[in-house]
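A.B. asks: Please find one structure pasted underneath; my questions will follow.
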Amino acid sequence: MYKGNLVHLRHQSIADISKLAEFMSTPRYIETHSYEDPRFTYKESLEKKYKERMEKHDHNELHLIIETNDNRVIGAIGINGNFWKNGLTWIYAYIGDKDYLEGGYYEEAMALMLEFLFLEGNARKVKIIAQSNDPYAMAAYKAQGFTTEVVFKEDVLCHGKYIDTHDMVIFKDDYIKTYQNNK
Amino acid sequence: MFWGDRINLRQQKKEDAELIAKYQQDADVMENYFMSYSIPPIKEFIERWYDHTAMDKEGYGFAIENKQGEFIGSCHTMGLNLRNGTTYIAIFIGHPEYRSKGYGTEAMKLLLNFLFNEVGLRKVKLNVFSFNKRAIRCYEKSGFKLEGINKKEIYRYGEYHDNYAMAAIRDDFNRGVAHV
């Protein structure tokens, strides 16, 4: 288990699905995930996906829960895809409980994830997409060393307007330098 | 069917898989088209992709033909997103005699015209490797502009290369291209 001062990361279980469906149906989640259709997420559909994943046992994906150290589920983080030839890892992260958007929970969850990816997973370049209307996510990623590589202009629809998305990345070499300096 | 001066785009069919697989074994296509391994897909993979696309209506695949009906290449969408009006696309000219002669540009303009003015998309995106200068010129001539560079994204020949993220916008395309 990856454990910090505020949160720890653990594998998703079927018992978490109901909470995740609740998070994914909040206005904040919907307006910051405009690549997906704007619709509510049902527990049953997430459970189906969960079971399919368990059957498939795909090592290119990893889905973790962000839990506070007093065992409150506040969000999710994980690997969407891994392309070992080019050394690319696509990840996602969200804090679903809005009471935990501030206070360092998001940042610490991302720090734990990067520690796992670079020091255990041997990732070379980690990528994440952030929408420009999600300052909490962008701040959390920047705080951990992510930089914007590409700004996709007017890329997704949100509240009737097209907004930018940021392709944010962090390289292992840069991460290790910062990690060693902070030790 | 969409007609150009020298080529047509027609619906890609399952029977095209064999020729696509053959073209994708060409060194030029392998070097510049695949983000993955330099091992071309077999016919069965292409047929599976076709089934998936055709059944789920998740995108569009076109065969590029010359005026004699000879299959010279292929283009298709990936990640079509009707909500946001965007898609990624990919294109290749597999027949070696039709490269560097403007056929790819003509096919691209037909494809963009279809996606912008028939499907109703507003932004079409693609990725191209930094060493593929011929394709970059073709995309620029078709109205694509650079949105950004993904550094050290592609591993090939023992080193990492950049990947260019390019996009074409409907309004720009329609201002610049009255007829294709």
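Letters for chains follow the order of the structure tokens (A, B, ...), residue numbers begin at 1 for each chain, and ligand numbers begin at 1 in the order shown.
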I need the chain A residues near chain B as number ranges by chain; criterion: at most 7 Å, counting only C-alpha atoms.
C.D. replies: A: 37, 85-86, 149-152, 155-157
A.B. asks: With N, CA, C and O atoms retained, write the just-selected residues as a compact mmCIF listing (two decimals), in the first residue's frame.
C.D. replies:
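File written: out_7.txt
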# COMPACT_ATOMS: atom_id res chain seq x y z
N ASP A 37 -19.48 11.42 -22.59
CA ASP A 37 -20.82 11.98 -22.77
C ASP A 37 -21.32 12.54 -21.45
O ASP A 37 -21.05 11.97 -20.40
N LYS A 85 6.59 -0.03 -25.50
CA LYS A 85 7.57 0.21 -26.56
C LYS A 85 8.07 1.65 -26.52
O LYS A 85 9.26 1.91 -26.59
N ASN A 86 7.12 2.57 -26.44
CA ASN A 86 7.49 3.99 -26.43
C ASN A 86 7.67 4.52 -25.01
O ASN A 86 7.97 5.70 -24.82
N GLU A 149 2.53 19.97 -22.36
CA GLU A 149 3.25 19.80 -23.62
C GLU A 149 2.44 20.33 -24.80
O GLU A 149 2.97 20.96 -25.69
N VAL A 150 1.16 20.02 -24.80
CA VAL A 150 0.31 20.47 -25.91
C VAL A 150 -0.97 21.04 -25.32
O VAL A 150 -1.57 20.44 -24.43
N VAL A 151 -1.37 22.21 -25.83
CA VAL A 151 -2.68 22.74 -25.48
C VAL A 151 -3.58 22.50 -26.69
O VAL A 151 -3.34 23.04 -27.77
N PHE A 152 -4.58 21.67 -26.52
CA PHE A 152 -5.54 21.43 -27.60
C PHE A 152 -6.61 22.52 -27.50
O PHE A 152 -7.41 22.53 -26.56
N ASP A 155 -11.16 22.39 -27.42
CA ASP A 155 -11.17 20.96 -27.71
C ASP A 155 -12.44 20.26 -27.24
O ASP A 155 -12.86 19.28 -27.85
N VAL A 156 -13.01 20.72 -26.14
CA VAL A 156 -14.19 20.03 -25.60
C VAL A 156 -15.29 21.03 -25.24
O VAL A 156 -15.02 22.19 -24.94
N LEU A 157 -16.51 20.51 -25.27
CA LEU A 157 -17.67 21.36 -25.02
C LEU A 157 -18.03 21.33 -23.54
O LEU A 157 -18.16 20.25 -22.94
A.B. asks: Residues at most 7 Å from Val7 in chain A, counting only C-alpha atoms, excluding those fewer than 3 positions away in the same chain, as a PyMOL selection string?
C.D. replies: chain A and resi 3-4+66-69+105+108-109
A.B. asks: To one decimal place in Å, what is the distance between CA of Thr53 in chain B and CA of Glu36 in chain A?
C.D. replies: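 Separation of CA of Thr53 in chain B and CA of Glu36 in chain A: 18.6 Å.
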A.B. asks: Counting only C-alpha atoms, which residue out of A:Asn80, A:Gln144, A:Asn5, A:Thr32 sits closest to Tyr92 in chain A?
C.D. replies: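 Nearest candidate to Tyr92 in chain A out of A:Asn80, A:Gln144, A:Asn5, A:Thr32: A:Asn80.
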A.B. asks: To test your reading of the structure, identify every residue in chain B that backbone DSSP assigns to helix (DSSP H, G or I), and report it as a PyMOL selection string.
C.D. replies: chain B and resi 14-23+27-33+43-56+96-98+103-119+133-141+170-176
A.B. asks: Pick from B:Asp26, B:Glu65, B:Glu18, B:Glu70: nearest to Ile46 in chain B, with only C-alpha atoms counted?
C.D. replies: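 Closest to Ile46 in chain B, using only C-alpha atoms: B:Glu18.
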A.B. asks: Looking only at the backbone, which of the residues in range 7-104 of chain B does DSSP tag as strand (DSSP E), as a VMD selection string?
C.D. replies: chain B and resid 7 to 11 61 to 66 71 to 81 86 to 93
A.B. asks: Which residues are close to Val73 in chain A, i.e. within 9 Å by only C-alpha atoms, leaving aside same-chain residues fewer than 3 positions away? Reply as a list in words.
C.D. replies: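 In the requested format, the answer is Asp16, Lys19, Leu20, Ile65, Ile66, Glu67, Thr68, Ala76, Gly96 and Asp97 of chain A.
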A.B. asks: Would you put the residues from that selection into a file with N, CA and C atoms, as a short mmCIF file (atom, residue, chain, number, x, y, z; two decimals), in the first residue's frame?
C.D. replies:
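Writing the result to part30.cif gives the following:
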data_model
loop_
_atom_site.label_atom_id
_atom_site.label_comp_id
_atom_site.auth_asym_id
_atom_site.auth_seq_id
_atom_site.Cartn_x
_atom_site.Cartn_y
_atom_site.Cartn_z
N ASP A 16 -16.43 -0.55 -3.69
CA ASP A 16 -16.21 0.90 -3.91
C ASP A 16 -17.06 1.45 -5.06
N LYS A 19 -19.82 4.16 -4.60
CA LYS A 19 -19.29 5.49 -4.26
C LYS A 19 -18.71 6.16 -5.52
N LEU A 20 -18.00 5.39 -6.34
CA LEU A 20 -17.41 5.97 -7.55
C LEU A 20 -18.50 6.43 -8.52
N ILE A 65 -8.00 3.30 -5.48
CA ILE A 65 -8.87 4.20 -4.72
C ILE A 65 -8.00 5.16 -3.92
N ILE A 66 -8.41 6.43 -3.89
CA ILE A 66 -7.75 7.39 -3.00
C ILE A 66 -8.60 7.43 -1.72
N GLU A 67 -7.96 7.04 -0.64
CA GLU A 67 -8.69 6.95 0.63
C GLU A 67 -7.93 7.77 1.68
N THR A 68 -8.67 8.51 2.49
CA THR A 68 -8.00 9.25 3.56
C THR A 68 -7.49 8.24 4.60
N ALA A 76 -10.40 8.57 -7.06
CA ALA A 76 -9.79 7.42 -7.74
C ALA A 76 -8.60 7.90 -8.57
N GLY A 96 -13.42 12.97 -6.00
CA GLY A 96 -14.86 13.02 -6.17
C GLY A 96 -15.57 13.73 -5.04
N ASP A 97 -14.97 13.69 -3.87
CA ASP A 97 -15.58 14.34 -2.70
C ASP A 97 -15.08 15.77 -2.65
#
A.B. asks: With only C-alpha atoms as the counted atoms, please give the residues lying no more than 6 Å from Gly78 in chain A, apart from itself and same-chain residues fewer than 5 positions off, as a list in words.
C.D. replies: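 These residues fall inside the cut-off: Leu62, His63, Leu64, Ile91 and Tyr92 of chain A.
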A.B. asks: Using the selection just defined, write its residues with N, CA, C and O atoms as a compact mmCIF listing (two decimals), in the first residue's frame.
C.D. replies:
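Writing the result to again32.txt gives the following:
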# COMPACT_ATOMS: atom_id res chain seq x y z
N LEU A 62 -4.56 -0.16 -14.32
CA LEU A 62 -4.51 -0.28 -12.86
C LEU A 62 -5.49 0.74 -12.31
O LEU A 62 -5.48 1.91 -12.71
N HIS A 63 -6.35 0.31 -11.39
CA HIS A 63 -7.38 1.22 -10.87
C HIS A 63 -7.33 1.21 -9.35
O HIS A 63 -7.56 0.17 -8.72
N LEU A 64 -7.00 2.37 -8.81
CA LEU A 64 -6.81 2.48 -7.36
C LEU A 64 -7.81 3.47 -6.76
O LEU A 64 -8.33 4.35 -7.46
N ILE A 91 -2.33 8.18 -17.38
CA ILE A 91 -3.01 7.98 -16.09
C ILE A 91 -4.23 8.93 -15.97
O ILE A 91 -4.40 9.85 -16.78
N TYR A 92 -5.03 8.68 -14.96
CA TYR A 92 -6.16 9.56 -14.65
C TYR A 92 -6.21 9.74 -13.14
O TYR A 92 -5.63 8.93 -12.39
A.B. asks: Could you check which of A:His166, A:Gln12, A:Ile95, A:Ile77 is closest to Met54 in chain A, using only C-alpha atoms?
C.D. replies: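 Looking only at the distances to Met54 in chain A, the closest residue turns out to be A:Gln12.
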A.B. asks: Just how far from CA of Gly81 in chain A is CA of Glu115 in chain A, in Å to one decimal?
C.D. replies: 17.4 Å
A.B. asks: With only C-alpha atoms as the counted atoms, please give the residues lying no more than 9 Å from Tyr50 in chain A, apart from itself and same-chain residues fewer than 2 positions off, as a list in words.
C.D. replies: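 That gives Gln12, Ser13, Ile14, Ile17, Ser45, Leu46, Glu47, Lys48, Glu52, Arg53, Met54 and Glu55 of chain A.
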